[in-house]
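Shown next: start.cif, given as mmCIF, C-alpha atoms.
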```
data_start
loop_
_atom_site.group_PDB
_atom_site.id
_atom_site.type_symbol
_atom_site.label_atom_id
_atom_site.label_comp_id
_atom_site.auth_asym_id
_atom_site.auth_seq_id
_atom_site.Cartn_x
_atom_site.Cartn_y
_atom_site.Cartn_z
ATOM 1 C CA MET S 17 -48.177 22.410 22.326
ATOM 2 C CA LEU S 18 -47.540 25.002 25.008
ATOM 3 C CA PHE S 19 -47.691 28.738 24.744
ATOM 4 C CA ASN S 20 -44.899 30.836 26.143
ATOM 5 C CA LEU S 21 -46.075 33.559 28.451
ATOM 6 C CA PHE S 22 -43.335 35.928 27.306
ATOM 7 C CA GLY S 23 -44.246 36.183 23.640
ATOM 8 C CA PRO S 24 -46.055 34.549 20.752
ATOM 9 C CA ARG S 25 -43.518 31.758 20.292
ATOM 10 C CA ILE S 26 -44.768 28.293 20.452
ATOM 11 C CA LEU S 27 -42.791 25.684 22.298
ATOM 12 C CA TRP S 28 -42.956 22.319 20.691
ATOM 13 C CA GLN S 29 -43.301 19.191 22.761
ATOM 14 C CA GLY S 30 -44.365 16.939 19.978
ATOM 15 C CA ASP S 31 -47.857 15.599 19.341
ATOM 16 C CA GLY S 32 -47.142 12.018 20.200
ATOM 17 C CA GLY S 33 -47.829 10.993 16.595
ATOM 18 C CA GLY S 34 -44.224 10.414 15.622
ATOM 19 C CA SER S 35 -43.582 13.777 13.971
ATOM 20 C CA ALA S 36 -40.378 15.195 15.481
ATOM 21 C CA ASP S 37 -40.265 18.406 13.500
ATOM 22 C CA PRO S 38 -41.714 21.457 15.187
ATOM 23 C CA PRO S 39 -44.362 23.317 13.258
ATOM 24 C CA LYS S 40 -43.201 26.496 11.563
ATOM 25 C CA VAL S 41 -44.365 29.685 13.108
ATOM 26 C CA ASP S 42 -43.976 33.054 11.470
ATOM 27 C CA PRO S 43 -41.897 35.533 13.541
ATOM 28 C CA PRO S 44 -43.882 38.380 14.983
ATOM 29 C CA LYS S 45 -44.065 41.452 12.822
ATOM 30 C CA ALA S 46 -42.305 44.520 14.122
ATOM 31 C CA ASP S 47 -44.416 47.468 15.018
ATOM 32 C CA PRO S 48 -44.472 50.123 12.339
ATOM 33 C CA PRO S 49 -42.031 52.964 13.171
ATOM 34 C CA ALA S 50 -43.597 55.651 15.282
ATOM 35 C CA THR S 51 -43.880 58.918 13.477
ATOM 36 C CA PRO S 52 -42.739 61.871 15.488
ATOM 37 C CA PRO S 53 -45.522 64.162 16.594
ATOM 38 C CA PRO S 54 -45.801 67.307 14.551
ATOM 39 C CA ALA S 55 -43.819 70.266 15.860
ATOM 40 C CA THR S 56 -46.922 72.381 16.162
ATOM 41 C CA PRO S 57 -50.372 71.047 16.855
ATOM 42 C CA PRO S 58 -52.806 71.390 14.014
ATOM 43 C CA ALA S 59 -54.681 74.662 14.086
ATOM 44 C CA SER S 60 -57.997 72.913 14.257
ATOM 45 C CA ASP S 61 -57.270 71.176 17.610
ATOM 46 C CA PRO S 62 -57.403 73.482 20.625
ATOM 47 C CA PRO S 63 -54.624 72.868 23.213
ATOM 48 C CA GLY S 64 -55.588 70.813 26.229
ATOM 49 C CA PRO S 65 -55.545 72.100 29.753
ATOM 50 C CA VAL S 66 -52.032 72.966 30.995
ATOM 51 C CA PRO S 67 -51.165 71.004 34.170
ATOM 52 C CA TYR S 68 -50.031 74.032 36.180
ATOM 53 C CA ASP S 69 -50.114 72.155 39.477
ATOM 54 C CA ARG S 70 -47.747 69.461 38.219
ATOM 55 C CA PHE S 71 -45.521 72.095 36.585
ATOM 56 C CA LYS S 72 -45.341 74.042 39.861
ATOM 57 C CA GLU S 73 -44.588 70.847 41.813
ATOM 58 C CA VAL S 74 -41.729 69.851 39.502
ATOM 59 C CA ASN S 75 -40.385 73.415 39.404
ATOM 60 C CA ASP S 76 -40.434 73.679 43.220
ATOM 61 C CA ALA S 77 -38.680 70.307 43.544
ATOM 62 C CA LEU S 78 -36.008 71.508 41.116
ATOM 63 C CA LYS S 79 -35.523 74.749 43.042
ATOM 64 C CA THR S 80 -35.240 72.816 46.331
ATOM 65 C CA ALA S 81 -32.710 70.417 44.807
ATOM 66 C CA ASN S 82 -30.673 73.317 43.406
ATOM 67 C CA ASP S 83 -30.709 75.088 46.795
ATOM 68 C CA ARG S 84 -29.538 71.920 48.565
ATOM 69 C CA LEU S 85 -26.820 71.409 45.967
ATOM 70 C CA ALA S 86 -25.620 75.005 46.365
ATOM 71 C CA LYS S 87 -25.554 74.587 50.171
ATOM 72 C CA LEU S 88 -23.598 71.323 49.936
ATOM 73 C CA GLU S 89 -21.109 72.887 47.523
ATOM 74 C CA ALA S 90 -20.680 75.875 49.859
ATOM 75 C CA ASP S 91 -20.134 73.532 52.819
ATOM 76 C CA GLN S 92 -17.566 71.539 50.839
ATOM 77 C CA ARG S 93 -15.768 74.736 49.817
ATOM 78 C CA ALA S 94 -15.737 75.910 53.447
ATOM 79 C CA ALA S 95 -14.369 72.549 54.608
ATOM 80 C CA ALA S 96 -11.724 72.604 51.874
ATOM 81 C CA ASP S 97 -10.748 76.164 52.833
ATOM 82 C CA LYS S 98 -10.527 75.159 56.492
ATOM 83 C CA ASP S 99 -8.341 72.162 55.610
ATOM 84 C CA ALA S 100 -6.124 74.358 53.460
ATOM 85 C CA GLU S 101 -5.849 76.892 56.276
ATOM 86 C CA ALA S 102 -4.977 74.166 58.764
ATOM 87 C CA GLN S 103 -2.410 72.788 56.305
ATOM 88 C CA GLY S 104 -1.007 76.295 55.904
ATOM 89 C CA LYS S 105 -0.663 76.615 59.685
ATOM 90 C CA TRP S 106 1.201 73.316 59.829
ATOM 91 C CA GLU S 107 3.485 74.438 57.032
ATOM 92 C CA GLU S 108 4.069 77.757 58.807
ATOM 93 C CA LEU S 109 4.779 75.965 62.078
ATOM 94 C CA ALA S 110 7.169 73.583 60.330
ATOM 95 C CA LYS S 111 9.047 76.511 58.761
ATOM 96 C CA GLN S 112 9.243 78.220 62.151
ATOM 97 C CA ARG S 113 10.646 75.056 63.747
ATOM 98 C CA GLU S 114 13.241 74.739 60.981
ATOM 99 C CA VAL S 115 14.405 78.305 61.650
ATOM 100 C CA GLU S 116 14.627 77.585 65.388
ATOM 101 C CA LEU S 117 16.606 74.403 64.721
ATOM 102 C CA LYS S 118 19.052 76.272 62.485
ATOM 103 C CA THR S 119 19.494 78.965 65.146
ATOM 104 C CA GLU S 120 20.214 76.344 67.815
ATOM 105 C CA LYS S 121 22.717 74.551 65.593
ATOM 106 C CA LEU S 122 24.554 77.807 64.907
ATOM 107 C CA ALA S 123 24.632 78.616 68.643
ATOM 108 C CA ARG S 124 26.112 75.178 69.367
ATOM 109 C CA ILE S 125 28.734 75.620 66.655
ATOM 110 C CA ARG S 126 29.622 79.087 68.054
ATOM 111 C CA LEU S 127 30.189 77.625 71.511
ATOM 112 C CA GLU S 128 32.296 74.770 70.122
ATOM 113 C CA VAL S 129 34.480 77.144 68.079
ATOM 114 C CA ALA S 130 34.830 79.530 71.031
ATOM 115 C CA ALA S 131 35.931 76.684 73.300
ATOM 116 C CA LYS S 132 38.345 75.383 70.660
ATOM 117 C CA LYS S 133 39.949 78.807 70.109
ATOM 118 C CA GLY S 134 39.977 79.810 73.778
ATOM 119 C CA ILE S 135 37.445 82.614 73.501
ATOM 120 C CA PRO S 136 35.339 83.245 76.623
ATOM 121 C CA ALA S 137 31.781 81.921 76.427
ATOM 122 C CA ASP S 138 30.459 85.452 76.966
ATOM 123 C CA LEU S 139 32.028 86.503 73.664
ATOM 124 C CA ALA S 140 30.989 83.409 71.695
ATOM 125 C CA GLY S 141 27.796 85.164 70.570
ATOM 126 C CA ARG S 142 29.931 87.699 68.667
ATOM 127 C CA LEU S 143 31.192 85.038 66.250
ATOM 128 C CA THR S 144 29.592 85.295 62.823
ATOM 129 C CA GLY S 145 29.292 82.875 59.939
ATOM 130 C CA GLU S 146 27.093 80.079 58.662
ATOM 131 C CA THR S 147 29.650 77.292 58.961
ATOM 132 C CA ALA S 148 32.281 76.249 61.493
ATOM 133 C CA GLU S 149 35.074 77.329 59.125
ATOM 134 C CA ASP S 150 33.625 80.847 58.812
ATOM 135 C CA MET S 151 33.295 81.088 62.582
ATOM 136 C CA GLU S 152 36.881 79.902 63.090
ATOM 137 C CA LYS S 153 38.145 82.664 60.792
ATOM 138 C CA ASP S 154 36.073 85.194 62.735
ATOM 139 C CA ALA S 155 37.390 83.762 66.009
ATOM 140 C CA ASP S 156 40.982 84.222 64.810
ATOM 141 C CA THR S 157 40.203 87.863 64.019
ATOM 142 C CA LEU S 158 38.565 88.345 67.423
ATOM 143 C CA LEU S 159 41.526 86.737 69.208
ATOM 144 C CA GLN S 160 43.845 89.399 67.808
ATOM 145 C CA PHE S 161 41.921 91.991 69.806
ATOM 146 C CA LEU S 162 41.546 89.893 72.946
ATOM 147 C CA LYS S 163 45.184 88.971 73.556
ATOM 148 C CA PRO S 164 47.310 91.914 74.548
ATOM 149 C CA ALA S 165 50.520 92.405 72.678
ATOM 150 C CA THR S 166 53.687 91.960 74.680
ATOM 151 C CA GLY S 167 54.190 94.959 76.840
ATOM 152 C CA PRO S 168 53.123 96.448 80.110
ATOM 153 C CA GLY S 169 50.194 95.010 81.900
ATOM 154 C CA VAL S 170 49.177 93.844 85.288
ATOM 155 C CA PRO S 171 51.051 90.657 86.100
ATOM 156 C CA PRO S 172 49.018 87.872 87.624
ATOM 157 C CA ALA S 173 49.404 87.323 91.345
ATOM 158 C CA GLY S 174 52.031 84.693 92.008
ATOM 159 C CA LYS S 175 52.386 82.349 94.917
ATOM 160 C CA GLY S 176 54.076 83.787 97.943
ATOM 161 C CA GLN S 177 53.806 87.389 96.851
ATOM 162 C CA GLY S 178 50.774 88.243 98.962
ATOM 163 C CA ALA S 179 50.777 89.416 102.596
ATOM 164 C CA LYS S 180 52.251 86.953 105.034
ATOM 165 C CA PRO S 181 50.172 85.802 107.987
ATOM 166 C CA LEU S 182 51.176 87.163 111.393
ATOM 167 C CA ASP S 183 53.086 84.966 113.767
ATOM 168 C CA PHE S 184 51.605 85.654 117.183
ATOM 169 C CA SER S 185 54.219 83.597 118.979
ATOM 170 C CA THR S 186 56.957 86.093 118.198
ATOM 171 C CA MET S 187 54.867 89.276 118.613
ATOM 172 C CA THR S 188 54.232 91.325 121.673
ATOM 173 C CA PRO S 189 50.688 92.204 122.687
ATOM 174 C CA GLU S 190 51.205 95.779 121.574
ATOM 175 C CA GLU S 191 52.356 94.668 118.081
ATOM 176 C CA ILE S 192 49.337 92.415 117.829
ATOM 177 C CA ARG S 193 47.009 95.362 118.692
ATOM 178 C CA LYS S 194 48.622 97.552 116.035
ATOM 179 C CA ALA S 195 48.407 94.853 113.374
ATOM 180 C CA SER S 196 44.808 94.028 114.190
ATOM 181 C CA LYS S 197 43.497 97.538 114.237
ATOM 182 C CA GLY S 198 40.194 97.477 112.284
ATOM 183 C CA LYS S 199 40.663 93.899 111.070
ATOM 184 C CA ALA S 200 39.030 90.647 112.029
ATOM 185 C CA VAL S 201 41.107 88.057 113.844
ATOM 186 C CA THR S 202 40.651 85.585 110.969
ATOM 187 C CA ASP S 203 42.218 88.072 108.579
ATOM 188 C CA LEU S 204 45.297 88.228 110.771
ATOM 189 C CA VAL S 205 45.983 84.531 110.754
#
```

Conversion result in structure tokens:
Amino acid sequence: MLFNLFGPRILWQGDGGGSADPPKVDPPKADPPATPPPATPPASDPPGPVPYDRFKEVNDALKTANDRLAKLEADQRAAADKDAEAQGKWEELAKQREVELKTEKLARIRLEVAAKKGIPADLAGRLTGETAEDMEKDADTLLQFLKPATGPGVPPAGKGQGAKPLDFSTMTPEEIRKASKGKAVTDLV
């Protein structure tokens, strides 16, 4: 027979006498249930010494832990606020870039419509509208004011209507002096 170190059970190895049945052992009895201590100590027993040093030590440790927790929470809040602020800046920058992109697209469309309708590039900025169709309608309106109605105006200079160059081979020196008075020789030719 061997005894188990972990409890009062007996391990059976047999006694060598031919009996194969293990001996019967009664199970250990459970401890009687613990009765809760009375809520108030009996009046006859004076209270023991209060461990003020241990109480102070535990209280100080709790205060230190609470202070560290408050500091960590404040640091986390500050980091979260900083991340939110940085995210807000990125969102603001993205919105700004979208506005710039829209402005550039509208400027490109204005130039395309102006070129298509024959409006000078200097006046392309006067076209209004959000789409190419709106700008084309505005360009048609603007063209009515740009093209003069049929009537008097300054005709464009045609070929051969300007001053003719002087032919020195047929002129006398006196005629040449009169024609060149105050003018450069290259202007005469």

For this session: May I ask for the distance between atom CA of S:Glu114 and atom CA of S:Asp156, given in Å to one decimal place?
Result: 29.6 Å

For this session: Name all residues at most 10 Å from S:Arg126 (count all atoms listed in the file; drop same-chain ones fewer than 2 positions away) and give them as a PyMOL selection string.
Result: chain S and resi 120-124+128-132+137+139-148+151-152+155

For this session: Kindly give the distance, in Å, that separates atom CA of S:Ala86 and atom CA of S:Val74, rounded to a single decimal.
Result: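 These atoms are spaced 18.3 Å apart.
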
Problem set entry | Nearest to S:Lys133 by atom-to-atom distance, counting all atoms listed in the file, from S:Glu108, S:Asp183, S:Asp154, S:Glu116 | S:Asp154

Per-axis box centre and lengths in Å around stretch 73-90 of chain S, 4 Å margin per side, axis-aligned, as AutoDock Vina command-line options:
```
--center_x -32.6 --center_y 72.9 --center_z 44.8 --size_x 31.9 --size_y 14.0 --size_z 18.8
```

For this session: Would you work out the distance separating atom CA of S:Trp106 from atom CA of S:Ile125, expressed in Å to one decimal?
Result: 28.5 Å

Exercise. With distances taken over all atoms listed in the file, which of S:Leu162, S:Leu182, S:Asp69, S:Gly198 is nearest to S:Pro136?
Worked result: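 With all atoms listed in the file as the atom set, the closest residue is S:Leu162.
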